[in-house]
Structures are given as C-alpha cells and as structure tokens.
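Asker: Take a look at entry-v5.txt, compact mmCIF, C-alpha atoms and all ligand atoms:
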# COMPACT_ATOMS: atom_id res chain seq x y z
CA MET A 1 106.07 102.67 78.21
CA PRO A 2 106.02 101.52 74.63
CA VAL A 3 108.04 98.62 73.36
CA ALA A 4 111.42 100.01 72.40
CA THR A 5 111.96 100.05 68.66
CA GLY A 6 115.19 101.87 68.21
CA SER A 7 117.91 99.96 69.97
CA SER A 8 120.04 97.49 68.17
CA ASN A 9 119.62 94.77 70.73
CA SER A 10 115.91 94.11 70.62
CA ASN A 11 116.44 90.70 69.00
CA THR A 12 118.82 89.48 71.64
CA SER A 13 117.18 91.06 74.69
CA ASN A 14 115.07 87.97 75.46
CA THR A 15 118.13 85.98 76.29
CA LEU A 16 119.86 88.59 78.45
CA PRO A 17 120.00 88.24 82.24
CA PHE A 18 117.60 91.02 83.20
CA PRO A 19 116.65 91.17 86.87
CA PRO A 20 113.09 89.84 87.33
CA LEU A 21 110.48 92.48 86.60
CA THR A 22 107.38 92.37 88.78
CA GLU A 23 104.03 94.09 88.52
CA GLN A 24 105.08 96.22 91.49
CA HIS A 25 108.20 97.40 89.62
CA ILE A 26 105.97 98.62 86.80
CA LEU A 27 103.46 100.22 89.17
CA ASN A 28 106.33 102.06 90.88
CA CYS A 29 107.18 103.72 87.55
CA ALA A 30 103.63 105.08 87.10
CA PHE A 31 103.71 108.85 87.38
CA SER A 32 101.48 109.18 90.45
CA SER A 33 103.61 106.63 92.35
CA TRP A 34 106.72 108.79 92.31
CA TYR A 35 105.59 112.38 91.73
CA ASN A 36 105.14 113.37 95.37
CA THR A 37 108.50 111.98 96.42
CA PHE A 38 110.36 113.80 93.64
CA ARG A 39 108.16 116.89 93.38
CA ARG A 40 111.03 119.28 94.18
CA VAL A 41 113.19 118.06 91.31
CA THR A 42 110.71 117.48 88.53
CA LEU A 43 108.44 119.59 86.30
CA LYS A 44 105.19 120.87 87.81
CA SER A 45 102.32 118.54 87.09
CA LYS A 46 98.69 117.78 87.87
CA ILE A 47 97.32 114.27 88.14
CA ILE A 48 93.70 113.59 87.29
CA LYS A 49 92.91 110.25 88.91
CA PRO A 50 90.97 108.05 88.59
CA LEU A 51 89.94 108.63 84.99
CA PRO A 52 86.29 107.65 84.48
CA GLU A 53 85.93 104.18 82.98
CA GLU A 54 83.74 105.69 80.23
CA PHE A 55 86.74 107.75 79.22
CA ILE A 56 88.86 104.60 78.99
CA GLU A 57 86.14 103.08 76.79
CA TYR A 58 86.25 106.21 74.66
CA LEU A 59 90.03 105.83 74.27
CA HIS A 60 89.51 102.21 73.26
CA ALA A 61 86.79 102.96 70.72
CA ASP A 62 87.68 102.76 67.04
CA GLY A 63 88.14 105.94 65.05
CA VAL A 64 89.46 109.34 65.97
CA PHE A 65 86.58 111.46 67.20
CA LEU A 66 85.96 114.00 69.90
CA PRO A 67 83.59 113.60 72.82
CA ASP A 68 80.51 115.77 72.94
CA GLN A 69 81.55 119.05 74.42
CA LYS A 70 79.66 121.53 76.48
CA ASN A 71 80.86 124.60 74.69
CA HIS A 72 80.92 123.02 71.36
CA ILE A 73 81.32 125.28 68.38
CA GLU A 74 80.91 123.94 64.88
CA PHE A 75 83.53 124.29 62.19
CA SER A 76 82.56 127.11 59.86
CA ASP A 77 81.67 126.22 56.26
CA ASP A 78 84.74 128.06 55.12
CA GLU A 79 87.47 125.48 55.62
CA GLU A 80 90.10 128.16 56.14
CA GLU A 81 88.33 129.63 59.10
CA TYR A 82 88.50 127.32 62.08
CA THR A 83 86.10 128.49 64.76
CA GLY A 84 86.53 125.89 67.44
CA ILE A 85 85.65 122.35 68.30
CA GLY A 86 83.29 120.53 66.01
CA THR A 87 81.61 117.17 65.72
CA ASP A 88 82.32 116.78 62.01
CA LEU A 89 84.60 113.90 62.82
CA ILE A 90 81.64 111.60 63.30
CA SER A 91 78.61 110.79 61.26
CA GLU A 92 75.13 111.96 62.25
CA ASP A 93 74.16 108.39 63.17
CA ASP A 94 76.91 108.21 65.76
CA GLU A 95 76.27 111.64 67.15
CA GLN A 96 73.64 110.56 69.66
CA GLN A 97 76.07 108.08 71.18
CA LEU A 98 78.87 110.57 71.69
CA PRO A 99 80.34 110.25 75.16
CA SER A 100 80.78 113.41 77.15
CA PHE A 101 83.19 114.19 79.99
CA PRO A 102 82.34 117.65 81.33
CA ASP A 103 84.06 117.13 84.73
CA LEU A 104 87.23 115.86 83.15
CA GLU A 105 87.22 118.72 80.66
CA GLN A 106 86.80 121.21 83.43
CA GLN A 107 89.73 119.76 85.36
CA ILE A 108 91.85 119.89 82.20
CA TRP A 109 90.93 123.53 81.60
CA GLN A 110 91.88 124.32 85.20
CA ALA A 111 95.29 122.71 84.79
CA ILE A 112 95.88 124.51 81.49
CA GLU A 113 95.02 127.81 83.11
CA GLU A 114 97.20 127.13 86.13
CA PHE A 115 100.11 126.20 83.84
CA ASP A 116 99.91 129.39 81.77
CA GLY A 117 98.05 127.98 78.80
CA ALA A 118 99.91 124.85 77.73
CA VAL A 119 100.42 121.32 79.05
CA PHE A 120 102.16 118.08 78.11
CA PRO A 121 99.85 115.03 78.53
CA LYS A 122 100.54 111.43 79.45
CA LEU A 123 98.76 108.47 81.02
CA ASN A 124 100.15 106.38 83.90
CA TRP A 125 103.41 105.67 82.04
CA SER A 126 103.34 106.90 78.48
CA SER A 127 102.95 110.08 76.53
CA PRO A 128 101.45 109.98 73.02
CA ARG A 129 104.90 110.73 71.48
CA ASP A 130 104.07 108.62 68.44
CA ALA A 131 101.11 110.90 67.63
CA ALA A 132 102.99 114.21 67.89
CA TRP A 133 103.19 114.36 64.07
CA MET A 134 99.49 115.28 64.09
CA SER A 135 100.11 118.69 65.60
CA ALA A 136 101.24 121.87 63.88
CA THR A 137 104.36 122.06 66.00
CA ASN A 138 105.14 118.33 65.87
CA THR A 139 105.12 118.40 69.67
CA LEU A 140 102.75 117.39 72.45
CA LYS A 141 102.01 120.99 73.46
CA CYS A 142 98.29 121.09 74.23
CA ASN A 143 96.17 124.19 74.76
CA ASN A 144 92.75 122.60 75.15
CA PRO A 145 91.08 119.30 76.06
CA SER A 146 90.42 118.40 72.40
CA ASP A 147 94.14 118.38 71.59
CA ILE A 148 94.70 116.03 74.51
CA PHE A 149 91.82 113.70 73.65
CA LEU A 150 92.86 113.34 70.02
CA LEU A 151 96.54 112.77 70.81
CA LEU A 152 95.72 110.13 73.43
CA LYS A 153 93.26 108.45 71.11
CA SER A 154 95.72 108.34 68.21
CA SER A 155 98.67 106.90 70.10
CA ASP A 156 99.83 103.30 70.10
CA PHE A 157 102.00 104.06 73.13
CA VAL A 158 98.95 105.12 75.11
CA ALA A 159 97.12 102.01 73.86
CA HIS A 160 100.00 99.99 75.29
CA ASP A 161 99.40 101.56 78.72
CA LEU A 162 95.72 100.71 78.45
CA ASP A 163 96.02 97.02 77.67
CA HIS A 164 99.59 95.76 77.87
CA ALA A 165 101.22 97.47 80.84
CA PHE A 166 102.19 94.23 82.58
CA GLU A 167 103.02 92.26 79.48
CA ASP A 168 106.73 91.89 80.29
CA CYS A 169 106.29 91.12 83.98
CA ASN A 170 107.23 87.86 85.61
CA TYR A 171 104.41 86.18 87.52
CA GLU A 172 104.58 83.07 89.65
CA GLU A 173 101.56 81.79 87.78
CA GLU A 174 100.28 82.92 84.42
CA SER A 175 96.75 83.11 85.85
CA LEU A 176 97.88 86.00 88.10
CA ARG A 177 98.82 88.19 85.15
CA ARG A 178 96.82 91.41 85.03
CA GLN A 179 95.83 93.15 81.82
CA ARG A 180 95.58 96.62 83.24
CA PRO A 181 96.04 98.67 86.43
CA ASP A 182 93.03 99.22 88.70
CA VAL A 183 92.81 102.86 87.74
CA PHE A 184 94.15 105.07 85.01
CA GLU A 185 95.43 108.60 85.46
CA LEU A 186 95.84 111.57 83.19
CA VAL A 187 99.01 113.50 83.90
CA LEU A 188 99.22 117.11 82.76
CA ARG A 189 102.66 118.64 83.06
CA LYS A 190 103.37 122.32 82.68
CA TRP A 191 104.76 122.86 79.19
CA TYR A 192 108.47 123.74 79.08
CA ASP A 193 110.52 124.42 76.00
CA VAL A 194 112.83 121.52 76.61
CA ALA A 195 116.02 121.45 74.49
CA PRO A 196 116.23 117.84 73.22
CA SER A 197 120.05 118.03 73.16
CA MET A 198 120.10 118.38 76.94
CA GLU A 199 118.09 115.28 77.78
CA PHE A 200 119.87 112.20 79.09
CA ARG A 201 118.72 108.68 79.91
CA CYS A 202 120.35 107.21 83.01
CA PHE A 203 120.54 103.50 83.75
CA VAL A 204 120.64 102.39 87.38
CA ARG A 205 121.57 98.81 88.26
CA ASN A 206 121.32 97.75 91.89
CA GLU A 207 121.20 101.44 92.95
CA GLU A 208 124.41 102.26 91.06
CA LEU A 209 124.35 104.61 88.09
CA VAL A 210 126.08 102.58 85.39
CA ALA A 211 125.36 104.35 82.09
CA ILE A 212 124.20 107.72 80.77
CA SER A 213 123.09 108.20 77.18
CA GLN A 214 122.14 111.24 75.16
CA ARG A 215 118.39 110.86 74.70
CA ASP A 216 117.83 112.55 71.35
CA VAL A 217 120.39 110.75 69.25
CA ASN A 218 121.21 113.57 66.84
CA TYR A 219 124.60 115.18 66.49
CA TYR A 220 124.91 118.33 68.61
CA PRO A 221 128.53 119.50 68.18
CA PHE A 222 128.51 121.68 71.32
CA LEU A 223 127.87 118.65 73.52
CA VAL A 224 131.37 117.35 72.83
CA ASP A 225 132.92 120.36 74.58
CA VAL A 226 130.69 120.25 77.64
CA GLN A 227 130.36 116.51 78.13
CA GLU A 228 132.52 116.32 81.26
CA ASP A 229 130.50 119.03 82.95
CA LEU A 230 127.25 117.34 81.96
CA GLU A 231 128.44 114.02 83.30
CA THR A 232 129.48 115.56 86.63
CA LYS A 233 126.17 117.41 87.01
CA ILE A 234 124.09 114.33 86.27
CA ILE A 235 126.07 112.14 88.67
CA GLN A 236 125.74 114.78 91.40
CA PHE A 237 122.02 115.01 90.73
CA PHE A 238 121.67 111.25 91.00
CA ASN A 239 123.68 111.04 94.22
CA THR A 240 121.75 113.82 95.90
CA ASN A 241 118.22 113.39 94.66
CA ILE A 242 117.57 109.96 93.23
CA GLN A 243 119.83 107.27 94.69
CA ASN A 244 118.05 105.11 97.31
CA LYS A 245 114.93 107.26 97.03
CA PHE A 246 113.16 105.45 94.22
CA PHE A 247 111.30 102.25 95.09
CA ASN A 248 113.04 99.88 92.63
CA ARG A 249 116.73 99.07 92.82
CA ASP A 250 117.00 98.69 89.04
CA TYR A 251 115.47 101.49 86.98
CA VAL A 252 116.01 104.00 84.22
CA PHE A 253 115.43 107.69 84.76
CA ASP A 254 115.42 110.57 82.31
CA ALA A 255 117.13 113.80 83.27
CA TYR A 256 117.13 117.25 81.73
CA VAL A 257 120.01 119.68 82.16
CA THR A 258 119.03 123.33 81.70
CA ARG A 259 120.69 125.20 78.84
CA ASN A 260 123.00 127.10 81.24
CA ARG A 261 123.86 123.73 82.85
CA GLU A 262 123.02 125.08 86.29
CA ARG A 263 120.14 122.78 87.13
CA VAL A 264 119.13 119.23 86.47
CA TRP A 265 115.49 118.13 86.39
CA LEU A 266 113.97 114.70 86.61
CA ILE A 267 111.66 113.97 83.67
CA ASP A 268 110.54 110.38 84.16
CA PHE A 269 111.21 106.92 85.59
CA ASN A 270 111.09 103.86 83.33
CA PRO A 271 111.34 100.13 84.00
CA PHE A 272 114.75 98.49 83.76
CA GLY A 273 114.00 96.10 80.93
CA PRO A 274 113.92 95.68 77.18
CA MET A 275 110.71 97.72 76.87
CA THR A 276 112.80 100.81 77.66
CA ASP A 277 114.90 102.10 74.79
CA SER A 278 118.58 101.70 75.66
CA LEU A 279 119.51 104.40 73.10
CA LEU A 280 123.32 104.58 72.60
CA PHE A 281 123.98 101.41 74.62
CA THR A 282 123.08 97.82 74.12
CA TRP A 283 121.31 96.25 77.08
CA GLU A 284 124.16 93.80 77.26
CA GLU A 285 126.59 96.65 77.88
CA ILE A 286 124.34 98.07 80.57
CA LEU A 287 123.90 94.72 82.28
CA THR A 288 127.61 94.09 82.41
CA ALA A 289 128.78 97.62 83.26
CA THR A 290 130.60 98.10 86.57
CA GLY A 291 132.44 100.98 88.22
CA SER A 292 131.87 104.61 87.37
CA PRO A 293 129.11 105.39 84.87
CA ILE A 294 129.82 105.30 81.15
CA PHE A 295 128.73 108.58 79.56
CA ARG A 296 127.88 108.39 75.87
CA ILE A 297 126.95 111.07 73.36
CA ILE A 298 126.96 111.32 69.58
CA THR A 299 130.29 112.78 68.48
CA SER A 300 129.89 112.99 64.69
CA GLN A 301 127.27 113.28 62.00
CA SER A 302 128.06 109.83 60.65
CA GLN A 303 127.60 108.28 64.10
CA ALA A 304 124.23 110.00 64.30
CA HIS A 305 123.20 108.44 60.98
CA GLN A 306 124.21 105.01 62.20
CA SER A 307 122.62 105.05 65.59
CA ARG A 308 119.56 107.19 65.15
CA SER A 309 116.47 105.22 65.93
CA GLN A 310 113.93 106.21 63.33
CA PRO A 311 111.63 108.94 64.57
CA PHE A 312 108.17 107.43 64.97
CA VAL A 313 106.82 109.75 62.39
CA THR A 314 108.81 108.17 59.61
CA ASN A 315 108.53 104.56 60.61
CA ARG A 316 104.83 104.55 61.28
CA PHE A 317 103.16 106.85 58.82
CA PRO A 318 103.44 107.57 55.14
CA ARG A 319 105.30 110.78 54.40
CA GLU A 320 102.18 112.28 52.72
CA ILE A 321 100.29 112.08 56.00
CA PHE A 322 103.09 113.82 57.84
CA ASP A 323 103.25 116.63 55.24
CA PHE A 324 99.49 116.87 55.26
CA SER A 325 99.47 117.48 59.03
CA GLN A 326 101.80 120.44 59.06
CA GLY A 327 100.56 123.90 59.99
CA GLN A 328 97.35 122.80 61.67
CA THR A 329 96.12 122.19 65.18
CA VAL A 330 95.50 118.59 66.16
CA VAL A 331 91.75 119.11 65.90
CA GLU A 332 92.01 120.78 62.49
CA PHE A 333 94.24 118.00 61.27
CA ALA A 334 91.97 115.20 62.52
CA GLU A 335 88.94 116.91 61.01
CA ARG A 336 90.57 117.40 57.63
CA PHE A 337 92.05 113.92 57.64
CA GLN A 338 88.62 112.40 58.31
CA ARG A 339 87.13 114.46 55.48
CA GLU A 340 89.84 113.34 53.03
CA LEU A 341 89.23 109.73 54.04
CA MET A 342 85.52 110.13 53.37
CA ILE A 343 86.17 111.73 49.99
CA GLU A 344 88.52 108.87 49.13
CA GLU A 345 86.01 106.27 50.31
CA ASN A 346 83.26 107.92 48.26
CA SER A 347 85.41 108.08 45.17
CA ASP A 348 86.34 104.40 45.66
CA ASN A 349 82.66 103.56 45.88
CA ASP A 350 81.93 105.63 42.75
CA GLU A 351 84.75 103.87 40.99
CA ASN A 352 83.41 100.47 42.01
CA GLN A 353 79.99 101.47 40.82
CA ASP A 354 81.46 102.66 37.53
CA ASN A 355 83.33 99.38 37.21
CA ASN A 356 80.22 97.43 38.05
CA TYR A 357 78.33 99.49 35.55
CA SER A 358 80.85 99.00 32.78
CA ALA A 359 81.19 95.33 33.69
CA SER A 360 77.47 94.85 33.54
CA ALA A 361 77.29 97.05 30.42
CA GLY A 362 79.93 94.81 28.89
CA ASN A 363 77.79 91.86 29.74
CA GLY A 364 75.07 93.43 27.77
CA ALA A 365 72.80 93.92 30.78
N1 LIG B 401 106.43 119.21 80.54
C1 LIG B 401 107.01 119.04 79.36
N2 LIG B 401 107.06 120.08 78.48
C2 LIG B 401 107.61 119.91 77.26
N3 LIG B 401 108.16 118.76 76.81
C3 LIG B 401 108.14 117.71 77.66
C4 LIG B 401 107.57 117.79 78.96
N4 LIG B 401 107.69 116.58 79.54
C5 LIG B 401 108.31 115.79 78.66
N5 LIG B 401 108.59 116.46 77.52
C6 LIG B 401 109.27 115.93 76.32
O1 LIG B 401 108.65 114.74 75.93
C7 LIG B 401 109.57 113.66 75.95
C8 LIG B 401 108.88 112.42 76.47
O2 LIG B 401 108.47 112.63 77.80
P1 LIG B 401 108.32 111.42 78.81
O3 LIG B 401 109.64 110.79 79.04
O4 LIG B 401 107.57 111.87 80.00
O5 LIG B 401 107.38 110.44 77.93
P2 LIG B 401 107.43 108.88 77.83
O6 LIG B 401 106.22 108.52 77.07
O7 LIG B 401 107.59 108.28 79.18
O8 LIG B 401 108.73 108.60 76.94
P3 LIG B 401 109.58 107.22 76.90
O9 LIG B 401 108.73 106.21 76.23
O10 LIG B 401 110.80 107.60 76.10
O11 LIG B 401 109.90 106.84 78.32
C9 LIG B 401 110.72 114.13 76.82
O12 LIG B 401 111.91 113.55 76.39
C10 LIG B 401 110.71 115.62 76.60
O13 LIG B 401 111.45 115.94 75.43
MG MG B 402 109.10 107.28 80.09
Using the file provided, produce a representation of the structure as structure tokens.

Answerer:
Amino acid sequence: MPVATGSSNSNTSNTLPFPPLTEQHILNCAFSSWYNTFRRVTLKSKIIKPLPEEFIEYLHADGVFLPDQKNHIEFSDDEEEYTGIGTDLISEDDEQQLPSFPDLEQQIWQAIEEFDGAVFPKLNWSSPRDAAWMSATNTLKCNNPSDIFLLLKSSDFVAHDLDHAFEDCNYEEESLRRQRPDVFELVLRKWYDVAPSMEFRCFVRNEELVAISQRDVNYYPFLVDVQEDLETKIIQFFNTNIQNKFFNRDYVFDAYVTRNRERVWLIDFNPFGPMTDSLLFTWEEILTATGSPIFRIITSQSQAHQSRSQPFVTNRFPREIFDFSQGQTVVEFAERFQRELMIEENSDNDENQDNNYSASAGNGA
C-alpha cells in the first residue's frame, strides 16, 4: 500500500471529496482479512502470522543483510561460482549479532515446496514491487527464504506497511492514531506467470463498479480488439463474486483475466483513497462517475508514453545499479553490491588519505 506516485492527480487529491477512511477500512484490505472469504476466486496463498517481532526489527534494521541461517553455505572464493547463502553481506563484528529465524524459514520452505518451487511475497498490504529490479528476472519470483528476506528488506513499500499503514486514516482524535497493526503477516502466494496486459484495476464506489483501468499502462494492441469482452467478463466477475461480499463499501480491487479470457481471478483489494494509484483515471473522474462502469485501456503508443507512470526502477535507482543487477539472483546481487560499496568506500578512504598526505606534504610536514 505505497503512496501512489504515478497518477496525475496526486497534487489535487487532498482537496477531493473522498469518503472518510478509517483504520478498519485499511485493516479490511490486509490480505489475511479477506483471503478466506475470496479463497475460491484468488491465487493460492499461505499466510504466516504473526511474524515474530524480532523479524520486524530485522526488517527495520539498517543495511541489507541476511539473517543467520541454519544451513548456511559460504560463497566460494571464485566469484563466478555461487554456492549458496553466505554471510559476506555483514562484517565480522556484526556477525555475532545476526538474528536467526529458523521456524520462519522452515515455514517458508514448506510453502515453496507446496507451491512447486516458487512464491510471490508480500506483507499485510504490500509487495516489495519497488525492489524487483534486484532480481535476475526483474520479478518477485522467490525460490528460497533469502530472496524473500532481501526483497522485503530492500523495499520502501514494505517499509510503508511497517510504519505508516494508517497514515491516511481519519481519527476522531489524533491521539488515537496507530503507527502499526498489532501483528504483521507474511503472505506467500503461489507463483503464476501473470500476463501484465491482462491485469485490471477496478474502482468500486458505494458498492457500484464505476471504473476499470488497464493496470500495466503500456500499449498492447490486441487489447483494443477484445476490450468489450474483457469489460463484460470483469463486470460479471464483480457482480457474482465481489459485490456486497467485501467489508468496505468503497474499495479498489485488482483483477486478472486469463489469456484465453475464460476466467477472472482476484489479485488484491486496496483502499479507496489517494494512496492507491488511479492509473488511467484521475480520482476526480472516479469520484464523480455514475452509471455503468467506464472501461479504459491504452489505445496507442503515444498515449502510453503520456500516461505511463514511471516504473519504480527508473525513478528510484540510478540506471547503473539496474544494469548491474541483471542476470543474478537477489542474494548474488546484494552480495556483489555490498562488495562494490566496500571497494568504493575503501578507495574513497585511500583517496582522502592521499589528499591528506599531499596536503600535509605541501605544508612541508
Ligand atoms: N502469485 C503471483 N505470481 C506472480 N505474479 C504476481 C502474483 N501476485 C501478484 N503478482 C504480480 O505482482 C503485482 C503486484 O501484486 P499485488 O497487487 O498483490 O501487490 P501490491 O503491493 O498490493 O501492489 P499495489 O501497490 O499496486 O496495490 C500484480 O499486479 C501481479 O502482476
Ligand atoms: Mg495492492
């Protein structure tokens, strides 16, 4: 549930007449609140809850490092040959203080095994989408606990779940505002090769579906020919499976239509508010829409250029870091990145020493 960055209306959203958003509305969007009710129409998932508080502290801690792991295997000396999980990401001084989460790791391994080797991770509300650039595939496909730990630890969106989940809520008194939920959960969803072109964000106002937007705002020419069918399928899906079944009356849900357009799946529920990206609509349009839903897709390349919200990878990280990450696992990337940082730090120190030396030499010392 990160703060939306892409939509054009973020400056004006403060003044728009959003329905009041309570803490309960946000809690209702947490994965474990809705999963059982919608189990039949969403992707298979496991919820690990509550997460140990030490794990939350680990996620909060500075730096990107792995917990101590039971079956820990060191990196080999040969950089090309990655042999498993290592502790190279931390200095020897820190090593004694490494947290360790054997029970959690075991539960993660169980889920990975049950889901045929790959899972998609998220916390109560958010996935670490903004950290996907770290992985070889530029996705959140995780095959082991280390991938999950590093992605969660590197993500600002996850950090938002940890400390700012209720930031946009209305409270009767400011003193009632909570910083965080009572417990955190790790959600592991079976990995599916989702086609981004077939994902749609659906806006529901007062239990009426008012707007449907393509979620990945690139130009997919084939969508133009099938848009009526897509619209019909999504409306049918809403009427049958979602309407009056969710706990809020105003909400945003994400739907996925299979490539053959025979089935629609629920992906997620999001709060109805400016923290949710309104994609191809402005919030003003959504708030004033009435009657049958407006269905919107990208219909040309130039429209895609105009409306594409910048992928997180390009608006958050220098291009060199993105290039540097390609072709490696998350763990390999984090390890190599840490090494490069250390080399850079050392060379900076050497340079400073050289400068000091030449400065003092110049002073005749
Ligand atoms: N089980 C899965 N397997 C593969 N990809 C997935 C899976 N679940 C979600 N995704 C992909 O990840 C994207 C983000 O998923 P999800 O909506 O759950 O995360 P989120 O953090 O709530 O995102 P947002 O901030 O946009 O609401 C989806 O649009 C989909 O492309
Ligand atoms: Mg979401």

Asker: So that I can check the surroundings of Ile297 (chain A), please list as a list in words every protein, DNA and RNA residue that reaches within 9 Å of it, counting all atoms listed in the file and ignoring chain neighbours fewer than 4 positions away.

Answerer: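 The neighbour list is Ile212, Ser213, Gln214, Arg215, Val217, Tyr219, Tyr220, Leu223, Val224, Gln227 and Leu280 of chain A.
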
Asker: Just checking: using all atoms listed in the file, which residue out of A:Glu167, A:Asp161, A:Asp147, A:Asp130 ends up closest to Trp109 (chain A)?

Answerer: A:Asp147

Asker: Can you tell me which residues surround Glu199 (chain A) at a distance of at most 8 Å, considering all atoms listed in the file, apart from same-chain residues fewer than 2 positions away, and format the answer as a ChimeraX atom specification?

Answerer: /A:195-197,201,214-216,254-257

Asker: Any chance you could tabulate, as a Markdown table, the residues of chain A at most 8 Å from ligand LIG 401 (chain B) with each one's nearest atom pair and distance in Å to one decimal, using all atoms listed in the file, in chain and rising number order?

Answerer:
| residue | atom | partner | partner_atom | distance |
| --- | --- | --- | --- | --- |
| A:Met1 | CA | B:LIG401 | O9 | 4.9 |
| A:Pro2 | CA | B:LIG401 | O9 | 5.6 |
| A:Ala4 | CA | B:LIG401 | O9 | 7.8 |
| A:Leu43 | CA | B:LIG401 | N1 | 6.1 |
| A:Lys44 | CA | B:LIG401 | N1 | 7.6 |
| A:Ser45 | CA | B:LIG401 | N1 | 7.8 |
| A:Val119 | CA | B:LIG401 | N1 | 6.5 |
| A:Phe120 | CA | B:LIG401 | N1 | 5.0 |
| A:Lys122 | CA | B:LIG401 | O6 | 6.8 |
| A:Trp125 | CA | B:LIG401 | O7 | 5.7 |
| A:Ser126 | CA | B:LIG401 | O6 | 3.6 |
| A:Ser127 | CA | B:LIG401 | O6 | 3.7 |
| A:Pro128 | CA | B:LIG401 | O6 | 6.4 |
| A:Arg129 | CA | B:LIG401 | O6 | 6.2 |
| A:Thr139 | CA | B:LIG401 | N3 | 7.8 |
| A:Leu140 | CA | B:LIG401 | N3 | 7.1 |
| A:Lys141 | CA | B:LIG401 | C2 | 6.9 |
| A:Phe157 | CA | B:LIG401 | O6 | 7.3 |
| A:Leu188 | CA | B:LIG401 | N1 | 7.8 |
| A:Arg189 | CA | B:LIG401 | N1 | 4.6 |
| A:Lys190 | CA | B:LIG401 | N1 | 4.9 |
| A:Trp191 | CA | B:LIG401 | N2 | 3.7 |
| A:Tyr192 | CA | B:LIG401 | N2 | 4.0 |
| A:Asp193 | CA | B:LIG401 | C2 | 5.5 |
| A:Val194 | CA | B:LIG401 | N3 | 5.4 |
| A:Ala195 | CA | B:LIG401 | O13 | 7.2 |
| A:Pro196 | CA | B:LIG401 | O13 | 5.6 |
| A:Glu199 | CA | B:LIG401 | O12 | 6.6 |
| A:Arg215 | CA | B:LIG401 | O12 | 7.2 |
| A:Asp216 | CA | B:LIG401 | O12 | 7.8 |
| A:Asp254 | CA | B:LIG401 | O3 | 6.6 |
| A:Ile267 | CA | B:LIG401 | O4 | 5.9 |
| A:Asp268 | CA | B:LIG401 | O3 | 5.2 |
| A:Phe269 | CA | B:LIG401 | O11 | 7.4 |
| A:Asn270 | CA | B:LIG401 | O11 | 5.9 |
| A:Thr276 | CA | B:LIG401 | O11 | 6.7 |
| A:Asp277 | CA | B:LIG401 | O10 | 7.0 |

Asker: Write out as a list in words which residues come within 10 Å of Asp250 (chain A) when counting all atoms listed in the file, dropping same-chain ones fewer than 3 positions away.

Answerer: Phe18, Pro19, Pro20, Leu21, His25, Phe203, Val204, Arg205, Asn206, Glu207, Glu208, Leu209, Phe246, Phe247, Asn270, Pro271, Phe272 and Gly273 of chain A

Asker: Those same residues - C-alpha atoms - I'd like them written as a JSON list (two decimals), keeping the file's coordinate frame.

Answerer:
[["chain", "number", "residue", "atom", "x", "y", "z"],
["A", 18, "PHE", "CA", 117.60, 91.02, 83.20],
["A", 19, "PRO", "CA", 116.65, 91.17, 86.87],
["A", 20, "PRO", "CA", 113.09, 89.84, 87.33],
["A", 21, "LEU", "CA", 110.48, 92.48, 86.60],
["A", 25, "HIS", "CA", 108.20, 97.40, 89.62],
["A", 203, "PHE", "CA", 120.54, 103.50, 83.75],
["A", 204, "VAL", "CA", 120.64, 102.39, 87.38],
["A", 205, "ARG", "CA", 121.57, 98.81, 88.26],
["A", 206, "ASN", "CA", 121.32, 97.75, 91.89],
["A", 207, "GLU", "CA", 121.20, 101.44, 92.95],
["A", 208, "GLU", "CA", 124.41, 102.26, 91.06],
["A", 209, "LEU", "CA", 124.35, 104.61, 88.09],
["A", 246, "PHE", "CA", 113.16, 105.45, 94.22],
["A", 247, "PHE", "CA", 111.30, 102.25, 95.09],
["A", 270, "ASN", "CA", 111.09, 103.86, 83.33],
["A", 271, "PRO", "CA", 111.34, 100.13, 84.00],
["A", 272, "PHE", "CA", 114.75, 98.49, 83.76],
["A", 273, "GLY", "CA", 114.00, 96.10, 80.93]]

Asker: Between CA of Gln107 (chain A) and CA of Ile26 (chain A), measure the distance and give it in Å to one decimal.

Answerer: 26.7 Å

Asker: For ligand MG 402 (chain B), which of A:Leu66, A:Val41, A:Val252, A:Ala111 is the closest residue, counting all atoms listed in the file?

Answerer: A:Val252
